[in-house]
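The structure file entry12.cif is reproduced below (mmCIF, C-alpha atoms).
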```cif
data_data
#
loop_
_atom_site.label_atom_id
_atom_site.label_comp_id
_atom_site.auth_asym_id
_atom_site.auth_seq_id
_atom_site.Cartn_x
_atom_site.Cartn_y
_atom_site.Cartn_z
CA MET A 1 0.00 0.00 0.00
CA ALA A 2 1.38 3.35 -1.02
CA ASN A 3 2.48 5.76 1.59
CA LEU A 4 -0.19 8.29 2.65
CA ARG A 5 2.00 11.30 2.12
CA ASP A 6 3.00 10.20 -1.40
CA ILE A 7 -0.62 9.88 -2.45
CA LYS A 8 -1.44 13.26 -0.95
CA GLN A 9 1.38 14.83 -2.92
CA ARG A 10 0.18 13.29 -6.17
CA ILE A 11 -3.35 14.51 -5.58
CA VAL A 12 -2.08 18.06 -5.06
CA SER A 13 0.08 17.93 -8.18
CA VAL A 14 -2.70 16.53 -10.40
CA GLN A 15 -5.07 19.14 -9.05
CA SER A 16 -2.74 21.98 -9.91
CA THR A 17 -2.27 20.58 -13.40
CA SER A 18 -6.00 20.41 -13.89
CA GLN A 19 -6.27 24.02 -12.80
CA ILE A 20 -3.89 24.98 -15.59
CA THR A 21 -5.65 22.90 -18.22
CA ARG A 22 -9.03 24.25 -17.16
CA THR A 23 -7.77 27.81 -17.50
CA MET A 24 -6.29 27.07 -20.92
CA GLU A 25 -9.59 25.57 -21.96
CA MET A 26 -11.44 28.73 -20.99
CA VAL A 27 -8.91 31.00 -22.67
CA ALA A 28 -9.16 28.94 -25.85
CA THR A 29 -12.97 29.13 -25.76
CA ALA A 30 -12.79 32.92 -25.62
CA LYS A 31 -10.25 33.02 -28.43
CA ILE A 32 -12.27 30.77 -30.73
CA LYS A 33 -15.03 33.34 -30.66
CA LYS A 34 -12.72 36.16 -31.64
CA ALA A 35 -11.10 34.12 -34.37
CA GLN A 36 -14.50 33.15 -35.74
CA GLU A 37 -15.54 36.79 -35.82
CA LYS A 38 -12.44 37.59 -37.82
CA ILE A 39 -13.32 34.92 -40.36
CA GLU A 40 -16.80 36.38 -40.63
CA ALA A 41 -15.43 39.89 -41.03
CA ALA A 42 -13.27 38.77 -43.91
CA ARG A 43 -16.08 37.08 -45.77
CA PRO A 44 -17.52 40.19 -47.53
CA TYR A 45 -14.16 40.97 -49.10
CA ALA A 46 -13.65 37.42 -50.29
CA LEU A 47 -17.16 37.23 -51.73
CA ALA A 48 -16.88 40.57 -53.49
CA MET A 49 -13.51 39.52 -54.80
CA VAL A 50 -14.88 36.34 -56.35
CA GLU A 51 -17.78 38.32 -57.83
CA VAL A 52 -15.49 40.88 -59.46
CA LEU A 53 -13.17 38.13 -60.65
CA GLY A 54 -16.11 36.31 -62.22
CA ASN A 55 -17.27 39.47 -63.98
CA VAL A 56 -13.85 40.21 -65.33
CA ALA A 57 -13.24 36.67 -66.45
CA ARG A 58 -16.40 36.64 -68.53
CA PHE A 59 -15.15 39.56 -70.52
CA VAL A 60 -11.68 38.27 -71.02
CA GLN A 61 -12.62 35.16 -72.91
CA GLY A 62 -9.89 32.58 -72.83
CA ALA A 63 -8.15 34.81 -70.38
CA SER A 64 -4.48 34.14 -70.21
CA HIS A 65 -2.37 35.15 -67.31
CA PRO A 66 0.80 33.58 -65.96
CA LEU A 67 -0.99 32.60 -62.76
CA LEU A 68 -3.69 30.75 -64.68
CA GLU A 69 -1.35 28.83 -66.95
CA GLU A 70 -0.39 25.36 -66.00
CA HIS A 71 3.26 24.70 -66.60
CA ASP A 72 4.17 21.85 -68.93
CA LYS A 73 6.74 20.50 -66.56
CA ARG A 74 6.38 19.81 -62.91
CA GLU A 75 9.80 20.03 -61.40
CA ARG A 76 9.42 22.18 -58.33
CA VAL A 77 6.46 22.37 -56.02
CA ALA A 78 5.99 24.76 -53.11
CA VAL A 79 3.97 23.89 -50.04
CA VAL A 80 2.82 26.42 -47.47
CA SER A 81 2.48 24.51 -44.24
CA ILE A 82 0.43 26.34 -41.61
CA THR A 83 0.83 25.20 -38.01
CA SER A 84 0.70 26.89 -34.64
CA ASP A 85 3.44 28.43 -32.52
CA ARG A 86 2.39 26.62 -29.38
CA GLY A 87 1.66 23.02 -28.60
CA LEU A 88 -0.90 21.45 -26.28
CA CYS A 89 -3.52 21.34 -28.98
CA GLY A 90 -3.89 17.64 -29.70
CA ALA A 91 -3.28 16.39 -33.21
CA PHE A 92 -3.59 19.88 -34.69
CA ASN A 93 0.01 20.21 -35.82
CA SER A 94 0.83 16.59 -36.45
CA ASN A 95 -2.05 16.33 -38.93
CA ILE A 96 -0.68 19.20 -40.97
CA LEU A 97 2.88 17.95 -40.79
CA ARG A 98 1.80 14.49 -41.86
CA LEU A 99 -0.06 16.00 -44.82
CA THR A 100 2.96 18.08 -45.72
CA GLU A 101 5.17 15.01 -45.69
CA GLN A 102 2.67 13.15 -47.82
CA ILE A 103 2.80 15.88 -50.44
CA ILE A 104 6.57 15.95 -50.30
CA SER A 105 6.91 12.21 -50.79
CA ARG A 106 4.25 12.20 -53.51
CA GLU A 107 5.99 14.93 -55.46
CA GLN A 108 9.37 13.39 -54.95
CA SER A 109 8.18 10.08 -56.29
CA ASN A 110 7.16 12.05 -59.40
CA ASP A 111 10.68 13.45 -59.62
CA ALA A 112 9.66 16.91 -58.51
CA GLU A 113 11.59 18.92 -56.00
CA THR A 114 9.73 20.45 -53.13
CA SER A 115 10.21 23.58 -51.11
CA VAL A 116 8.34 24.27 -47.93
CA ILE A 117 7.22 27.59 -46.54
CA ALA A 118 6.70 26.99 -42.85
CA VAL A 119 4.29 29.03 -40.78
CA GLY A 120 4.40 28.44 -37.05
CA LYS A 121 7.19 27.32 -34.75
CA LYS A 122 5.91 23.76 -34.72
CA ALA A 123 6.36 23.34 -38.47
CA ILE A 124 9.79 24.95 -38.38
CA SER A 125 11.18 22.74 -35.64
CA TYR A 126 9.58 19.55 -36.93
CA LEU A 127 10.77 20.04 -40.49
CA ARG A 128 14.28 20.94 -39.40
CA TYR A 129 14.32 17.81 -37.27
CA ARG A 130 13.34 15.77 -40.30
CA GLY A 131 16.10 17.37 -42.31
CA VAL A 132 13.86 19.59 -44.42
CA GLU A 133 15.05 23.16 -44.33
CA PRO A 134 12.08 25.48 -44.94
CA THR A 135 12.75 28.03 -47.66
CA VAL A 136 11.01 30.68 -45.63
CA ALA A 137 9.82 30.45 -42.06
CA TYR A 138 7.28 32.60 -40.30
CA ARG A 139 6.72 32.58 -36.58
CA ASP A 140 4.48 34.53 -34.25
CA ILE A 141 1.82 35.15 -36.85
CA SER A 142 -0.39 32.09 -36.54
CA ASP A 143 -2.21 33.41 -33.50
CA LYS A 144 -3.29 36.70 -35.02
CA PRO A 145 -2.75 36.62 -38.78
CA THR A 146 -3.05 39.87 -40.70
CA PHE A 147 -3.53 40.48 -44.39
CA ALA A 148 0.00 41.82 -44.55
CA ASP A 149 1.24 38.41 -43.37
CA ALA A 150 -0.71 36.71 -46.12
CA ARG A 151 0.75 39.17 -48.60
CA ALA A 152 4.27 38.45 -47.41
CA ILE A 153 3.75 34.73 -47.92
CA ALA A 154 2.21 35.29 -51.33
CA ALA A 155 5.24 37.39 -52.30
CA HIS A 156 7.33 34.25 -52.03
CA ILE A 157 5.26 32.16 -54.38
CA ILE A 158 3.64 34.45 -56.94
CA PRO A 159 6.82 35.87 -58.51
CA ALA A 160 8.44 32.44 -58.32
CA TYR A 161 5.54 30.92 -60.22
CA GLU A 162 5.58 33.65 -62.84
CA ALA A 163 9.31 33.19 -63.28
CA GLY A 164 8.87 29.45 -63.70
CA GLU A 165 10.86 28.67 -60.58
CA ILE A 166 7.99 26.68 -59.16
CA ASP A 167 5.33 24.81 -61.10
CA ALA A 168 2.62 24.46 -58.48
CA ALA A 169 1.86 25.75 -55.00
CA TYR A 170 -0.26 24.24 -52.28
CA VAL A 171 -1.30 25.28 -48.84
CA ALA A 172 -1.85 22.77 -46.05
CA PHE A 173 -3.95 24.08 -43.19
CA ASN A 174 -6.64 23.11 -40.69
CA ARG A 175 -10.08 24.05 -41.93
CA PHE A 176 -12.37 25.25 -39.19
CA LYS A 177 -15.51 23.12 -39.54
CA ASN A 178 -17.02 23.94 -36.18
CA VAL A 179 -15.90 24.62 -32.65
CA ALA A 180 -15.15 20.96 -31.98
CA GLU A 181 -13.96 19.87 -35.40
CA GLN A 182 -11.01 20.75 -37.57
CA LYS A 183 -9.97 19.10 -40.75
CA ALA A 184 -6.49 19.14 -42.18
CA GLU A 185 -6.78 20.09 -45.84
CA VAL A 186 -4.66 20.82 -48.85
CA TYR A 187 -5.67 23.51 -51.28
CA GLN A 188 -4.10 24.33 -54.58
CA LEU A 189 -2.99 27.94 -54.74
CA LEU A 190 -1.25 27.97 -58.08
CA PRO A 191 -2.02 27.64 -60.88
CA ILE A 192 -5.37 29.22 -60.07
CA GLU A 193 -8.03 26.75 -60.97
CA ARG A 194 -10.13 28.04 -63.80
CA ARG A 195 -13.39 26.91 -62.31
CA VAL A 196 -13.04 29.66 -59.72
CA MET A 197 -13.67 32.11 -62.47
CA GLU A 198 -16.51 30.36 -64.18
CA THR A 199 -20.00 31.24 -63.15
CA GLU A 200 -21.95 28.12 -62.47
CA ASP A 201 -25.24 29.39 -63.80
CA ALA A 202 -25.37 30.08 -67.51
CA GLN A 203 -28.53 32.11 -67.04
CA ILE A 204 -26.85 34.67 -64.86
CA ASP A 205 -24.39 35.03 -67.65
CA GLN A 206 -27.02 36.31 -70.01
CA LEU A 207 -28.65 38.62 -67.52
CA MET A 208 -25.42 40.27 -66.58
CA PRO A 209 -24.98 43.70 -68.07
CA GLU A 210 -22.02 44.88 -70.06
CA TYR A 211 -19.27 46.07 -67.81
CA VAL A 212 -16.92 48.90 -68.53
CA PHE A 213 -13.35 48.27 -67.49
CA GLU A 214 -10.80 50.82 -66.65
CA PRO A 215 -8.08 50.80 -67.91
CA ASP A 216 -9.11 47.51 -69.60
CA ALA A 217 -10.22 44.05 -68.60
CA GLY A 218 -6.77 42.53 -69.05
CA THR A 219 -5.13 44.99 -66.70
CA VAL A 220 -7.83 44.53 -64.10
CA LEU A 221 -7.42 40.77 -64.25
CA GLU A 222 -3.68 41.05 -64.03
CA ARG A 223 -3.97 42.96 -60.76
CA LEU A 224 -6.86 40.97 -59.41
CA LEU A 225 -5.36 37.49 -59.62
CA PRO A 226 -2.42 38.04 -57.25
CA THR A 227 -4.77 39.67 -54.75
CA TYR A 228 -7.02 36.66 -55.09
CA VAL A 229 -4.16 34.35 -54.13
CA GLU A 230 -3.43 36.62 -51.18
CA THR A 231 -7.03 36.35 -49.98
CA LEU A 232 -6.83 32.56 -50.24
CA ILE A 233 -3.74 32.51 -48.04
CA TYR A 234 -5.26 34.99 -45.63
CA ARG A 235 -8.32 32.83 -45.30
CA ALA A 236 -6.21 29.72 -44.68
CA LEU A 237 -4.27 31.57 -41.97
CA MET A 238 -7.45 32.67 -40.24
CA GLU A 239 -9.10 29.28 -40.44
CA SER A 240 -5.97 27.79 -38.99
CA ALA A 241 -5.99 30.29 -36.11
CA ALA A 242 -9.60 29.48 -35.25
CA SER A 243 -8.91 25.75 -35.58
CA GLU A 244 -5.91 26.01 -33.30
CA HIS A 245 -8.03 27.41 -30.49
CA GLY A 246 -10.73 24.84 -31.17
CA ALA A 247 -8.22 21.99 -31.06
CA ARG A 248 -6.65 23.35 -27.92
CA ARG A 249 -10.00 23.62 -26.22
CA THR A 250 -10.87 20.02 -27.02
CA ALA A 251 -7.44 18.80 -25.90
CA MET A 252 -7.57 20.79 -22.69
CA LYS A 253 -11.10 19.69 -21.94
CA SER A 254 -10.15 16.04 -22.10
CA ALA A 255 -7.01 16.76 -20.08
CA THR A 256 -9.14 18.40 -17.39
CA ASP A 257 -11.58 15.50 -17.43
CA ASN A 258 -8.76 12.99 -17.12
CA ALA A 259 -7.20 14.92 -14.27
CA THR A 260 -10.50 15.05 -12.40
CA GLU A 261 -10.89 11.31 -12.81
CA MET A 262 -7.36 10.75 -11.60
CA VAL A 263 -7.97 12.90 -8.53
CA ASN A 264 -11.05 10.81 -7.75
CA THR A 265 -9.12 7.54 -8.04
CA LEU A 266 -6.25 8.87 -5.99
CA THR A 267 -8.60 10.19 -3.29
CA ARG A 268 -10.16 6.76 -3.09
CA SER A 269 -6.82 5.03 -2.61
CA TYR A 270 -5.83 7.74 -0.15
CA ASN A 271 -8.92 7.05 1.96
CA ARG A 272 -8.39 3.34 1.72
CA ALA A 273 -4.79 3.69 2.87
CA ARG A 274 -5.85 5.96 5.71
CA GLN A 275 -8.52 3.48 6.79
CA ALA A 276 -6.02 0.64 6.64
CA ALA A 277 -3.62 2.59 8.82
CA ILE A 278 -6.35 3.27 11.40
CA THR A 279 -7.43 -0.36 11.45
CA ASN A 280 -3.84 -1.35 11.85
CA GLU A 281 -3.40 1.00 14.79
CA ILE A 282 -6.56 -0.26 16.53
CA ALA A 283 -5.40 -3.83 16.08
CA GLU A 284 -2.07 -2.92 17.63
CA ILE A 285 -3.71 -1.17 20.62
CA VAL A 286 -6.10 -4.04 21.19
CA GLY A 287 -3.24 -6.49 20.88
CA GLY A 288 -1.17 -4.42 23.32
CA ALA A 289 -4.04 -4.18 25.83
CA ALA A 290 -4.65 -7.94 25.63
CA ALA A 291 -0.97 -8.58 26.27
CA LEU A 292 -1.07 -6.32 29.37
CA GLU A 293 -4.19 -8.06 30.77
CA ASP A 294 -2.58 -11.44 30.35
CA SER A 295 0.49 -10.55 32.39
CA MET B 296 -34.78 62.82 -52.02
CA ALA B 297 -32.29 62.29 -54.69
CA ARG B 298 -31.47 58.88 -55.99
CA THR B 299 -28.65 57.30 -54.04
CA LEU B 300 -25.93 54.74 -54.36
CA LEU B 301 -25.04 52.11 -51.83
CA CYS B 302 -21.37 52.48 -51.11
CA GLU B 303 -19.41 49.74 -49.41
CA ILE B 304 -15.75 49.96 -48.54
CA VAL B 305 -14.35 46.55 -47.76
CA THR B 306 -10.86 45.57 -46.68
CA PRO B 307 -9.66 42.00 -46.30
CA GLU B 308 -10.00 42.36 -42.57
CA ARG B 309 -13.43 43.95 -42.27
CA VAL B 310 -16.22 46.02 -43.78
CA LEU B 311 -15.04 49.54 -43.11
CA TYR B 312 -17.99 51.56 -44.31
CA THR B 313 -21.51 51.16 -45.68
CA ASN B 314 -23.71 54.09 -46.45
CA GLU B 315 -26.32 55.42 -48.87
CA VAL B 316 -24.48 58.15 -50.72
CA GLU B 317 -24.94 60.50 -53.66
CA MET B 318 -21.49 60.42 -55.12
CA VAL B 319 -18.25 58.51 -54.83
CA VAL B 320 -14.97 59.97 -56.06
CA ALA B 321 -12.14 57.49 -56.29
CA PRO B 322 -8.52 57.60 -57.51
CA THR B 323 -8.01 55.31 -60.49
CA LEU B 324 -4.88 54.55 -62.43
CA GLU B 325 -5.84 57.10 -65.04
CA GLY B 326 -7.08 59.88 -62.80
CA GLU B 327 -10.07 60.46 -60.61
CA ILE B 328 -13.44 58.96 -61.29
CA GLY B 329 -16.73 60.29 -59.98
CA ILE B 330 -19.61 57.90 -59.69
CA LEU B 331 -23.20 59.06 -59.54
CA PRO B 332 -26.37 56.99 -59.41
CA LEU B 333 -27.30 55.16 -62.65
CA HIS B 334 -23.65 54.76 -63.55
CA VAL B 335 -22.91 52.03 -66.06
CA PRO B 336 -21.55 48.79 -64.61
CA LEU B 337 -17.87 49.30 -64.13
CA VAL B 338 -14.83 47.57 -62.77
CA THR B 339 -11.69 49.56 -62.25
CA VAL B 340 -8.33 49.45 -60.55
CA LEU B 341 -7.66 52.04 -57.84
CA LYS B 342 -4.31 53.50 -56.94
CA PRO B 343 -3.26 54.76 -53.51
CA GLY B 344 -4.90 58.07 -52.75
CA GLU B 345 -7.96 59.71 -51.42
CA LEU B 346 -11.53 58.57 -51.82
CA ARG B 347 -14.44 60.90 -51.12
CA VAL B 348 -18.01 60.02 -50.48
CA ARG B 349 -20.70 62.71 -50.65
CA TYR B 350 -24.12 62.33 -49.09
CA ASN B 351 -26.99 64.13 -47.39
CA ASP B 352 -27.61 66.54 -50.33
CA GLY B 353 -23.92 67.17 -50.65
CA LYS B 354 -23.71 68.58 -47.16
CA ASP B 355 -21.63 65.79 -45.76
CA VAL B 356 -18.46 64.36 -47.18
CA ASP B 357 -16.52 61.45 -45.77
CA TRP B 358 -12.86 61.25 -46.69
CA PHE B 359 -10.87 58.10 -46.81
CA ALA B 360 -7.29 57.22 -47.51
CA ILE B 361 -7.00 54.02 -49.49
CA SER B 362 -3.96 52.04 -50.44
CA GLY B 363 -5.20 50.95 -53.81
CA GLY B 364 -7.54 48.16 -54.75
CA TYR B 365 -10.56 47.67 -56.98
CA LEU B 366 -13.92 49.26 -57.44
CA GLN B 367 -17.03 47.72 -58.90
CA VAL B 368 -20.22 49.53 -59.78
CA HIS B 369 -23.33 47.53 -60.42
CA GLU B 370 -26.93 48.67 -60.20
CA ASP B 371 -26.33 51.63 -57.91
CA LYS B 372 -24.05 49.63 -55.69
CA VAL B 373 -20.43 50.62 -55.38
CA ILE B 374 -18.08 48.10 -53.84
CA VAL B 375 -14.59 49.29 -53.04
CA LEU B 376 -12.15 46.47 -52.45
CA ALA B 377 -9.24 48.17 -50.77
CA ASP B 378 -6.10 46.51 -49.51
CA ASN B 379 -6.12 49.01 -46.71
CA ALA B 380 -8.38 51.96 -45.96
CA ALA B 381 -8.93 54.47 -43.20
CA LEU B 382 -11.43 57.19 -42.49
CA ALA B 383 -9.65 60.56 -42.56
CA SER B 384 -10.53 61.39 -38.96
CA GLN B 385 -9.11 58.09 -37.78
CA ILE B 386 -5.75 58.40 -39.45
CA ASP B 387 -2.82 58.48 -37.09
CA VAL B 388 -0.72 61.07 -38.92
CA GLY B 389 2.22 60.78 -36.56
CA ARG B 390 2.45 57.06 -37.13
CA ALA B 391 2.06 57.40 -40.87
CA ARG B 392 4.87 59.99 -40.97
CA GLU B 393 7.08 57.82 -38.85
CA GLY B 394 6.36 54.91 -41.16
CA MET B 395 7.21 57.09 -44.14
CA SER B 396 10.63 58.10 -42.90
CA LYS B 397 11.42 54.56 -41.79
CA LEU B 398 10.40 53.14 -45.14
CA GLU B 399 12.35 55.77 -47.06
CA GLU B 400 15.44 54.92 -45.07
CA ARG B 401 14.94 51.23 -45.59
CA MET B 402 14.39 51.68 -49.31
CA ALA B 403 17.56 53.73 -49.68
CA GLN B 404 19.39 50.99 -47.84
CA LEU B 405 17.85 48.30 -50.00
CA LYS B 406 18.71 50.15 -53.18
CA GLN B 407 22.32 50.32 -52.07
CA ASP B 408 22.41 46.65 -51.30
CA ALA B 409 20.70 45.90 -54.60
CA ALA B 410 18.28 43.68 -52.73
CA GLU B 411 15.62 41.51 -54.29
CA ASP B 412 12.94 43.43 -56.15
CA GLY B 413 10.13 41.93 -54.11
CA ILE B 414 11.10 43.61 -50.86
CA LEU B 415 11.60 46.95 -52.51
CA GLU B 416 8.20 46.75 -54.13
CA ASP B 417 6.62 45.92 -50.80
CA CYS B 418 8.29 48.91 -49.22
CA GLU B 419 7.19 51.14 -52.03
CA ARG B 420 3.62 49.98 -51.64
CA ASP B 421 3.71 50.58 -47.89
CA LEU B 422 5.29 53.96 -48.48
CA LYS B 423 2.53 54.97 -50.89
CA TRP B 424 -0.03 53.93 -48.33
CA CYS B 425 1.62 56.09 -45.68
CA GLN B 426 1.85 58.99 -48.10
CA ALA B 427 -1.82 58.65 -48.98
CA GLN B 428 -2.74 58.71 -45.31
CA VAL B 429 -0.69 61.81 -44.62
CA ALA B 430 -2.01 63.58 -47.72
CA VAL B 431 -5.63 62.87 -46.84
CA ALA B 432 -5.17 63.81 -43.21
CA GLU B 433 -3.59 67.10 -44.16
CA ARG B 434 -6.24 68.10 -46.65
CA ARG B 435 -8.91 67.69 -44.06
#
```
Could you rewrite the structure in this file as structure tokens?
Amino acid sequence: MANLRDIKQRIVSVQSTSQITRTMEMVATAKIKKAQEKIEAARPYALAMVEVLGNVARFVQGASHPLLEEHDKRERVAVVSITSDRGLCGAFNSNILRLTEQIISREQSNDAETSVIAVGKKAISYLRYRGVEPTVAYRDISDKPTFADARAIAAHIIPAYEAGEIDAAYVAFNRFKNVAEQKAEVYQLLPIERRVMETEDAQIDQLMPEYVFEPDAGTVLERLLPTYVETLIYRALMESAASEHGARRTAMKSATDNATEMVNTLTRSYNRARQAAITNEIAEIVGGAAALEDS
Amino acid sequence: MARTLLCEIVTPERVLYTNEVEMVVAPTLEGEIGILPLHVPLVTVLKPGELRVRYNDGKDVDWFAISGGYLQVHEDKVIVLADNAALASQIDVGRAREGMSKLEERMAQLKQDAAEDGILEDCERDLKWCQAQVAVAERR
């Protein structure tokens, strides 16, 4: 039977851990809300952007732009891997890193080189450990991403794609499905998929009025496409931020639950040990008394 | 009551402004463009500068600094997609000026070092944004 004091100490230590995890859970819950609001706030821009893009694309029939063109070869592929800066959020980071490695091994088996743009300390340290040196690494942005961050990331892939240095670009991030669910996903950034620009409904097409473009449709498209890629990255960053808090909340909730259960079990063995000690003492006293009477 | 336009100024981070207005004046690549109700559908590229919005029988004007973006007009609805935008009264001139001098310094440095074009372009864009903010704040 374990020593009473040892059990007591363990109970105290588990309790203090559960206090920490409970606090982290509550902090994460508050942060999810904020992150979700940010996603909502960004929606009007993204929607308007797609609308304008659709309008422009209709007038530039067979639009050609370096970002739309698929390259004939596929020799170098860039992956933007979005993780968090901090741990204690369950499988959040390992899912993304596994996906990233899958892409890397898939491309390498097709004889394509890969370069990784790592966002978040977790991606940086993991990839370095695995011997993959990220081409660019960003830290301290995954908690509160800004559009400028997205732009900075885009600046590493858009010119490279135009110059033919890379032949495709993907982003791996956690999509925020709901508060309790995140899904690691890969999205193709470049070349921009043409279906983005095609209106689904042919009828709308006919009802749409003639647009005037200034300076001209080609120029507008040329400027719009890079911004579109930037919005995609921005969205991925924000979804990842919201997912991070969601994942952390779930992880911390189960940690708190486990700690509570452990405290219960430990308290039970503590009481049992205490009872055993008392019984033992009584037996000794009774035994002692009996010995005295006998003499 | 005169016919009005619905004007929306949207940045990637939020919807900055929505209002029923009579006229929108925006800086395009080729000069300024004024948009009144019943304007033909239009899509245009904006450059960094000042954007004015007139409403309430021309008595009120809201001034904005924008850092460039796009503008779409469709059925009396004007959507401004700006990379960055600020209402004139909310511009922090001191910070914008500070940013300007810092960026100018950095750009001079970068030019000397013959750094990659990308960084220089970024700086130039940020600089133009700061300049637009200062210009708008001063004209108010």
Near chain A, 7 Å: chain B residue rows, closest pairs, all atoms listed in the file, as a Markdown table:
```
| residue | atom | partner | partner_atom | distance |
| --- | --- | --- | --- | --- |
| B:Val305 | CA | A:Tyr45 | CA | 5.7 |
| B:Thr306 | CA | A:Tyr45 | CA | 6.2 |
| B:Pro307 | CA | A:Tyr45 | CA | 5.4 |
| B:Glu308 | CA | A:Ala42 | CA | 5.0 |
| B:Arg309 | CA | A:Ala41 | CA | 4.7 |
| B:Val310 | CA | A:Ala41 | CA | 6.8 |
| B:Pro336 | CA | A:Tyr211 | CA | 4.8 |
| B:Leu337 | CA | A:Val212 | CA | 4.5 |
| B:Val338 | CA | A:Phe213 | CA | 5.0 |
| B:Thr339 | CA | A:Glu214 | CA | 4.7 |
| B:Val340 | CA | A:Val220 | CA | 6.1 |
| B:Leu376 | CA | A:Tyr45 | CA | 6.7 |
| B:Gly413 | CA | A:Ala155 | CA | 6.9 |
```
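With all atoms listed in the file as the atoms that count, the residue of A:Thr256, A:Ser243, A:Ser94, A:Thr250 with the shortest distance to Gln182 of chain A is A:Ser243.
Computed from the coordinates, the atom CA of Asp85 of chain A to atom CA of Gly120 of chain A distance equals 4.6 Å.
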Practice task
Compile the contact shell of Ala391 of chain B as an MDAnalysis selection string: residues with an atom at most 9 Å away, counting all atoms listed in the file, same-chain residues fewer than 6 positions apart removed.
Solution key: chainID B and resid 422 424:426 428:429
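Candidate residues A:Leu97, A:Val132, A:Ile285, A:Ala251 were compared for distance to Glu185 of chain A, and the nearest is A:Leu97, using all atoms listed in the file.
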Handout entry: Residues returned when the PyMOL selection byres ((chain B and resi 353) around 12) runs on this file, as a PyMOL selection string
Key = chain B and resi 296-297+299+316-319+347-352+354-357
Practice task
For each of A:Gly246, A:Pro66, A:Pro134, A:Pro191, take the minimum atom-to-atom distance to Asn174 of chain A, counting all atoms listed in the file, then give the residue where this is smallest.
Solution key: A:Gly246
Practice task
Take atom CA of Thr135 of chain A and atom CA of Val116 of chain A and report the distance between them in Å, one decimal.
Solution key: 5.8 Å
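Nearest-residue note for Gly363 of chain B: choosing from B:Ala432, B:Ala427, B:Met395, B:Val320, the minimum distance belongs to B:Ala427, counting all atoms listed in the file.
Relative to atom CA of Arg175 of chain A, atom CA of Ile103 of chain A is found at 17.5 Å.
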Exercise for the section: Would you list the residues near (3.7, 35.0, -56.9) (no more than 12 Å away, in the coordinates of the file, using only C-alpha atoms) as a PyMOL selection string? Expected result: (chain A and resi 66-68+78+150-169+189-192+222-223+225-230+233) or (chain B and resi 413)
Problem - Result set of the PyMOL selection byres ((chain B and resi 386) around 12) on the coordinates above, as an MDAnalysis selection string - result: chainID B and resid 358:361 379:385 387:392 424:433 435
As a compact mmCIF listing (two decimals) with C-alpha atoms, in the frame of the given file, please: the residues near segment 6-19 of chain A (cut-off 8 Å, only C-alpha atoms, same-chain neighbours under 4 positions excluded).
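Full text of around_8.txt as output:
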```txt
# COMPACT_ATOMS: atom_id res chain seq x y z
CA ALA A 2 1.38 3.35 -1.02
CA THR A 23 -7.77 27.81 -17.50
CA ALA A 255 -7.01 16.76 -20.08
CA THR A 256 -9.14 18.40 -17.39
CA ALA A 259 -7.20 14.92 -14.27
CA THR A 260 -10.50 15.05 -12.40
CA MET A 262 -7.36 10.75 -11.60
CA VAL A 263 -7.97 12.90 -8.53
CA LEU A 266 -6.25 8.87 -5.99
CA THR A 267 -8.60 10.19 -3.29
CA SER A 269 -6.82 5.03 -2.61
CA TYR A 270 -5.83 7.74 -0.15
```
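Counting only C-alpha atoms, the residue from A:Tyr170, A:Ile96, A:Thr83, A:Glu70 that sits nearest to Thr114 of chain A is A:Tyr170.
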Explicit residue set for the PyMOL selection byres ((chain A and resi 99) around 10), as an mmCIF file with C-alpha atoms, in the coordinates of the input:
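Saved file part14.cif follows:
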```cif
data_model
loop_
_atom_site.group_PDB
_atom_site.id
_atom_site.type_symbol
_atom_site.label_atom_id
_atom_site.label_comp_id
_atom_site.auth_asym_id
_atom_site.auth_seq_id
_atom_site.Cartn_x
_atom_site.Cartn_y
_atom_site.Cartn_z
ATOM 1 C CA SER A 81 2.480 24.510 -44.240
ATOM 2 C CA ASN A 93 0.010 20.210 -35.820
ATOM 3 C CA SER A 94 0.830 16.590 -36.450
ATOM 4 C CA ASN A 95 -2.050 16.330 -38.930
ATOM 5 C CA ILE A 96 -0.680 19.200 -40.970
ATOM 6 C CA LEU A 97 2.880 17.950 -40.790
ATOM 7 C CA ARG A 98 1.800 14.490 -41.860
ATOM 8 C CA THR A 100 2.960 18.080 -45.720
ATOM 9 C CA GLU A 101 5.170 15.010 -45.690
ATOM 10 C CA GLN A 102 2.670 13.150 -47.820
ATOM 11 C CA ILE A 103 2.800 15.880 -50.440
ATOM 12 C CA ILE A 104 6.570 15.950 -50.300
ATOM 13 C CA SER A 105 6.910 12.210 -50.790
ATOM 14 C CA ALA A 172 -1.850 22.770 -46.050
ATOM 15 C CA PHE A 173 -3.950 24.080 -43.190
ATOM 16 C CA ALA A 184 -6.490 19.140 -42.180
ATOM 17 C CA GLU A 185 -6.780 20.090 -45.840
ATOM 18 C CA VAL A 186 -4.660 20.820 -48.850
#
```
Practice task
Find the residues near Thr313 of chain B: any atom within 10 Å, counting only C-alpha atoms, skip ones fewer than 4 places away on the same chain, and give them as a list in words.
Solution key: Leu301, Cys302, Glu303, Ile304, Val305, Val373 and Ile374 of chain B
Would you pick out the contacts of Pro322 of chain B at 7 Å or less, using all atoms listed in the file, so that residues sharing its chain but fewer than 4 positions from it are not included, and give the list as a CSV table (one decimal) with C-alpha atoms, in the frame of the given file?
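The file below, out_11.csv, is the result:
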```
chain,number,residue,atom,x,y,z
B,326,GLY,CA,-7.1,59.9,-62.8
B,327,GLU,CA,-10.1,60.5,-60.6
B,328,ILE,CA,-13.4,59.0,-61.3
B,341,LEU,CA,-7.7,52.0,-57.8
B,342,LYS,CA,-4.3,53.5,-56.9
B,344,GLY,CA,-4.9,58.1,-52.8
B,345,GLU,CA,-8.0,59.7,-51.4
B,346,LEU,CA,-11.5,58.6,-51.8
```
